[in-house]
Every structure is written in C-alpha cells, then in structure tokens.
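Colleague: To start, I am sharing the structure in question, which I have written as structure tokens.
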Amino acid sequence: MNPDFRPMLLSESAPFSSDDYIFEMKIDGVRALAYIEPTVRLMSRNSRDMTFQYPELKEMHRAVSRPCVLDGEIAVIKDGRPDFKLIRHRFSVASERSANTAARQCPARFFAFDILRLDGEDITGLKLTERKRILSETAAPLFGLDIVPFIGGRGVELFAAARARNLEGIVAKRKEGKYHPGWRTHDWIKIRSQEYER
C-alpha cells in the first residue's frame with residue numbers, strides 16, 4: 001500500500017474563464033485527507049492525525065461504497081456559508097470530551113473534491129475528469145460528507161457569484177490534469193475574492 005499522500009497545492013491567479021478548466025467554490029475550512037479504508041482517518045496537510053477532533057465525521061465510511069482516500073476541506077456551515085471562525089475553534093481541541101462538546105456545538109462537515117485511492121489502488125495518475133467521475137460514483141452526501149460541485153469553463157461567472165455571496169473565492173482545475181501530491185502547479189489555481197475587489 002502507498003504511504004500517506006500529501007495534498008496537492010495551488011497556484012494563484014486573477015479571475016479567468018477557460019474550457020480547459022473546471023471551477024469550484026473555494027471552501028473556507030481546514031484542508032484534510034480522509035482515509036476511509038474502511039474506518040475513517042483524517043489527516044492534515046502536514047500529515048497530522050486529526051481524527052479524534054472531529055467525532056461527528058466518524059460515520060463517513062457509511063457514505064462511500066468502496067475503500068478510498070478523499071481530498072477535501074473540513075468546514076462548519078453557518079447561515080449557508082462556511083464560517084472559518086467556527087472551524088478555527090476546533091484546532092485547539094485536546095481531548096475526546098472537548099471534541100464531543102465542540103461537535104455538538106458547531107458540527108463540521110467534510111467537503112470532498114477529489115479521490116486519490118480506490119480499493120487500495122493509487123489513481124492520482126488519472127486525469128481530473130475521470131477522478132471526478134469516480135468520486136461521484138463512490139461517495140454520497142451522507143453522514144457528514146458532501147461533494148463539492150463544479151462547473152466547466154465559466155470561471156469569471158462563478159467568481160462573480162462567489163464575491164456576491166462574500167465567499168472566499170473559487171478554484172480552477174485543469175480538466176486533463178493529474179493529481180500531484182505535495183506539488184504546486186498551474187493545474188490547480190485559487191482565485192481569492194479579497195484580492196480582486198470591485
């Protein structure tokens with residue numbers, strides 16, 4: 001079995017549209033990899049085990065049909081939007097008791113946007129559109145798991161929608177791009193709302 005993955009990193013850019021890319025809303029949360037093989041193990045971008053800090057996500061294995069590794073963001077939703085201030089309070093949780101209390105007060109969700117391993121097989125070499133298809137066929141929005149939606153081509157339009165809702169921004173991902181663990185490439189590009197105000 002492969003060693004633990006490191007999350008793929010993002011470059012930055014001004015808003016753009018391109019048929020070579022898909023575009024997603026940027027989730028304002030904590031980047032994490034979810035190892036569901038079959039129990040749930042949540043790892044930070046620095047390979048720190050965060051599983052005990054999010055007990056409300058321990059049932060995510062019931063939302064996937066096969067053992068897998070998912071890339072995504074852990075976030076707390078308030079008034080229909082991710083609230084970073086609320087998820088930040090979860091960083092310092094140091095015991096299972098305090099984690100359980102925090103889970104009741106501000107429950108988190110895991111927003112998956114990629115799949116890196118399936119049935120023990122590394123699939124990072126597949127193009128993004130194929131990984132997205134596999135993700136949609138493997139995982140369902142249940143038990144604390146959500147799947148991040150995306151649109152093709154219309155980055156400027158989605159960016160305007162994100163800014164209108166006071167969201168953090170959007171992410172552009174090259175359709176043909178492979179997943180490069182730990183690398184920063186132009187295959188994944190973040191576009192921050194605060195950097196491009198009206």
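Ligands are numbered from 1 in the order shown, residues from 1 within each chain, and chains are lettered A, B, ... in the order they appear in the structure tokens.
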Hey, what does DSSP flag as strand (DSSP E or B) within chain A? Can you give it to me as an MDAnalysis selection string?

Modeller: chainID A and resid 9:12 18:25 30:36 40:44 49 64 68:78 81:82 108:118 121:122 139 145:147 151:153 169:174 184:192

Colleague: Given the selection you just returned, output its residues as a file containing C-alpha atoms, formatted as a PDB file, in the first residue's frame.

Modeller:
ATOM      1  CA  LEU A   9      -1.044  22.639  -3.611  1.00  0.00           C
ATOM      2  CA  LEU A  10      -2.494  25.582  -5.510  1.00  0.00           C
ATOM      3  CA  SER A  11      -1.088  28.477  -7.512  1.00  0.00           C
ATOM      4  CA  GLU A  12      -2.869  31.861  -7.574  1.00  0.00           C
ATOM      5  CA  SER A  18     -11.346  28.619 -19.924  1.00  0.00           C
ATOM      6  CA  ASP A  19     -12.819  25.477 -21.415  1.00  0.00           C
ATOM      7  CA  ASP A  20      -9.667  23.663 -20.306  1.00  0.00           C
ATOM      8  CA  TYR A  21     -10.668  24.084 -16.653  1.00  0.00           C
ATOM      9  CA  ILE A  22     -13.490  23.273 -14.281  1.00  0.00           C
ATOM     10  CA  PHE A  23     -14.306  25.730 -11.488  1.00  0.00           C
ATOM     11  CA  GLU A  24     -15.408  25.160  -7.880  1.00  0.00           C
ATOM     12  CA  MET A  25     -16.298  27.378  -4.947  1.00  0.00           C
ATOM     13  CA  VAL A  30      -9.272  23.054   7.103  1.00  0.00           C
ATOM     14  CA  ARG A  31      -7.615  21.039   4.329  1.00  0.00           C
ATOM     15  CA  ALA A  32      -7.679  17.325   5.089  1.00  0.00           C
ATOM     16  CA  LEU A  33      -7.322  13.905   3.533  1.00  0.00           C
ATOM     17  CA  ALA A  34      -9.901  11.328   4.568  1.00  0.00           C
ATOM     18  CA  TYR A  35      -8.644   7.746   4.570  1.00  0.00           C
ATOM     19  CA  ILE A  36     -11.766   5.566   4.545  1.00  0.00           C
ATOM     20  CA  VAL A  40     -12.223   6.969   8.922  1.00  0.00           C
ATOM     21  CA  ARG A  41      -8.813   8.584   9.471  1.00  0.00           C
ATOM     22  CA  LEU A  42      -8.497  12.345   8.952  1.00  0.00           C
ATOM     23  CA  MET A  43      -5.024  13.696   8.208  1.00  0.00           C
ATOM     24  CA  SER A  44      -3.915  17.329   7.998  1.00  0.00           C
ATOM     25  CA  ASP A  49      -3.844  12.785  12.586  1.00  0.00           C
ATOM     26  CA  VAL A  64     -18.801   5.515   0.461  1.00  0.00           C
ATOM     27  CA  CYS A  68     -10.904   5.154  -0.723  1.00  0.00           C
ATOM     28  CA  VAL A  69      -8.850   8.233   0.089  1.00  0.00           C
ATOM     29  CA  LEU A  70     -10.595  11.586  -0.390  1.00  0.00           C
ATOM     30  CA  ASP A  71      -9.138  15.080  -0.572  1.00  0.00           C
ATOM     31  CA  GLY A  72     -11.224  17.925   0.772  1.00  0.00           C
ATOM     32  CA  GLU A  73     -11.915  20.594   3.378  1.00  0.00           C
ATOM     33  CA  ILE A  74     -13.423  20.266   6.822  1.00  0.00           C
ATOM     34  CA  ALA A  75     -15.744  23.217   7.437  1.00  0.00           C
ATOM     35  CA  VAL A  76     -18.520  24.441   9.695  1.00  0.00           C
ATOM     36  CA  ILE A  77     -21.525  25.897   7.892  1.00  0.00           C
ATOM     37  CA  LYS A  78     -23.415  28.871   9.329  1.00  0.00           C
ATOM     38  CA  ARG A  81     -21.779  29.529   4.192  1.00  0.00           C
ATOM     39  CA  PRO A  82     -18.518  28.128   5.586  1.00  0.00           C
ATOM     40  CA  ALA A 108     -18.315  20.106  10.921  1.00  0.00           C
ATOM     41  CA  ARG A 109     -18.689  18.517   7.509  1.00  0.00           C
ATOM     42  CA  PHE A 110     -16.136  17.093   5.089  1.00  0.00           C
ATOM     43  CA  PHE A 111     -16.349  18.631   1.616  1.00  0.00           C
ATOM     44  CA  ALA A 112     -14.700  16.215  -0.819  1.00  0.00           C
ATOM     45  CA  PHE A 113     -13.393  17.492  -4.145  1.00  0.00           C
ATOM     46  CA  ASP A 114     -11.055  14.681  -5.234  1.00  0.00           C
ATOM     47  CA  ILE A 115     -10.365  10.981  -4.809  1.00  0.00           C
ATOM     48  CA  LEU A 116      -6.775   9.694  -4.673  1.00  0.00           C
ATOM     49  CA  ARG A 117      -7.050   5.982  -3.982  1.00  0.00           C
ATOM     50  CA  LEU A 118      -9.754   3.399  -4.629  1.00  0.00           C
ATOM     51  CA  GLU A 121      -5.067   1.457  -5.936  1.00  0.00           C
ATOM     52  CA  ASP A 122      -3.411   4.849  -6.444  1.00  0.00           C
ATOM     53  CA  ALA A 139     -19.305   8.757  -2.427  1.00  0.00           C
ATOM     54  CA  LEU A 145     -19.761  14.018   3.790  1.00  0.00           C
ATOM     55  CA  ASP A 146     -20.511  16.477   0.986  1.00  0.00           C
ATOM     56  CA  ILE A 147     -19.295  16.503  -2.621  1.00  0.00           C
ATOM     57  CA  ILE A 151     -18.950  23.941 -13.499  1.00  0.00           C
ATOM     58  CA  GLY A 152     -16.998  23.865 -16.737  1.00  0.00           C
ATOM     59  CA  GLY A 153     -15.386  26.877 -18.348  1.00  0.00           C
ATOM     60  CA  GLY A 169     -13.237  32.711  -3.770  1.00  0.00           C
ATOM     61  CA  ILE A 170     -13.051  29.920  -6.324  1.00  0.00           C
ATOM     62  CA  VAL A 171     -10.630  27.243  -7.507  1.00  0.00           C
ATOM     63  CA  ALA A 172      -9.803  26.467 -11.136  1.00  0.00           C
ATOM     64  CA  LYS A 173      -8.649  22.936 -12.009  1.00  0.00           C
ATOM     65  CA  ARG A 174      -7.323  21.731 -15.340  1.00  0.00           C
ATOM     66  CA  ARG A 184       2.196  23.442  -6.526  1.00  0.00           C
ATOM     67  CA  THR A 185       1.265  23.649 -10.203  1.00  0.00           C
ATOM     68  CA  HIS A 186      -0.988  25.631 -12.532  1.00  0.00           C
ATOM     69  CA  ASP A 187      -3.269  22.608 -12.771  1.00  0.00           C
ATOM     70  CA  TRP A 188      -4.955  23.915  -9.581  1.00  0.00           C
ATOM     71  CA  ILE A 189      -5.366  27.678  -9.177  1.00  0.00           C
ATOM     72  CA  LYS A 190      -7.040  29.595  -6.358  1.00  0.00           C
ATOM     73  CA  ILE A 191      -8.680  32.931  -7.049  1.00  0.00           C
ATOM     74  CA  ARG A 192      -9.366  34.890  -3.854  1.00  0.00           C
TER      75      ARG A 192
END

Colleague: Any idea what's packed within 6 Å of range 125-131 of chain A, counting only C-alpha atoms, ignoring anything in its chain fewer than 5 positions away? Could you give it as a list in words?

Modeller: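 Skipping anything fewer than 5 positions along the chain leaves Lys175, Glu176, Gly177 and Lys178 of chain A.
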
Colleague: Can you list every residue in range 83-185 of chain A that DSSP puts in helix (DSSP H, G or I), as a ChimeraX atom specification?

Modeller: /A:84-88,96-105,128-138,155-164

Colleague: Excluding Ala94 in chain A and any residue of its chain fewer than 6 positions from it, enumerate the residues within 12 Å of it, using only C-alpha atoms, and give them as a PDB file with N, CA and C atoms, in the first residue's frame.

Modeller:
ATOM      1  N   MET A  50      -5.921  14.051  12.719  1.00  0.00           N
ATOM      2  CA  MET A  50      -6.934  14.925  13.316  1.00  0.00           C
ATOM      3  C   MET A  50      -8.229  14.187  13.619  1.00  0.00           C
ATOM      4  N   THR A  51      -8.226  12.884  13.509  1.00  0.00           N
ATOM      5  CA  THR A  51      -9.462  12.117  13.564  1.00  0.00           C
ATOM      6  C   THR A  51     -10.262  12.375  14.824  1.00  0.00           C
ATOM      7  N   PHE A  52      -9.614  12.356  15.984  1.00  0.00           N
ATOM      8  CA  PHE A  52     -10.353  12.483  17.244  1.00  0.00           C
ATOM      9  C   PHE A  52     -10.984  13.867  17.406  1.00  0.00           C
ATOM     10  N   GLN A  53     -10.481  14.866  16.673  1.00  0.00           N
ATOM     11  CA  GLN A  53     -11.003  16.220  16.804  1.00  0.00           C
ATOM     12  C   GLN A  53     -12.362  16.393  16.139  1.00  0.00           C
ATOM     13  N   TYR A  54     -12.742  15.449  15.273  1.00  0.00           N
ATOM     14  CA  TYR A  54     -13.997  15.568  14.534  1.00  0.00           C
ATOM     15  C   TYR A  54     -14.816  14.284  14.662  1.00  0.00           C
ATOM     16  N   ASN A 100     -16.088  16.102  21.579  1.00  0.00           N
ATOM     17  CA  ASN A 100     -17.512  15.757  21.522  1.00  0.00           C
ATOM     18  C   ASN A 100     -18.382  16.973  21.800  1.00  0.00           C
ATOM     19  N   THR A 101     -17.964  17.808  22.744  1.00  0.00           N
ATOM     20  CA  THR A 101     -18.699  19.033  23.045  1.00  0.00           C
ATOM     21  C   THR A 101     -18.696  19.967  21.840  1.00  0.00           C
ATOM     22  N   ALA A 102     -17.528  20.146  21.228  1.00  0.00           N
ATOM     23  CA  ALA A 102     -17.408  21.021  20.059  1.00  0.00           C
ATOM     24  C   ALA A 102     -18.242  20.500  18.893  1.00  0.00           C
TER      25      ALA A 102
END

Colleague: Can you measure CA of Gly120 in chain A to CA of Thr138 in chain A for me? One decimal in Å is fine.

Modeller: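 Result for CA of Gly120 in chain A versus CA of Thr138 in chain A: 13.7 Å, one decimal.
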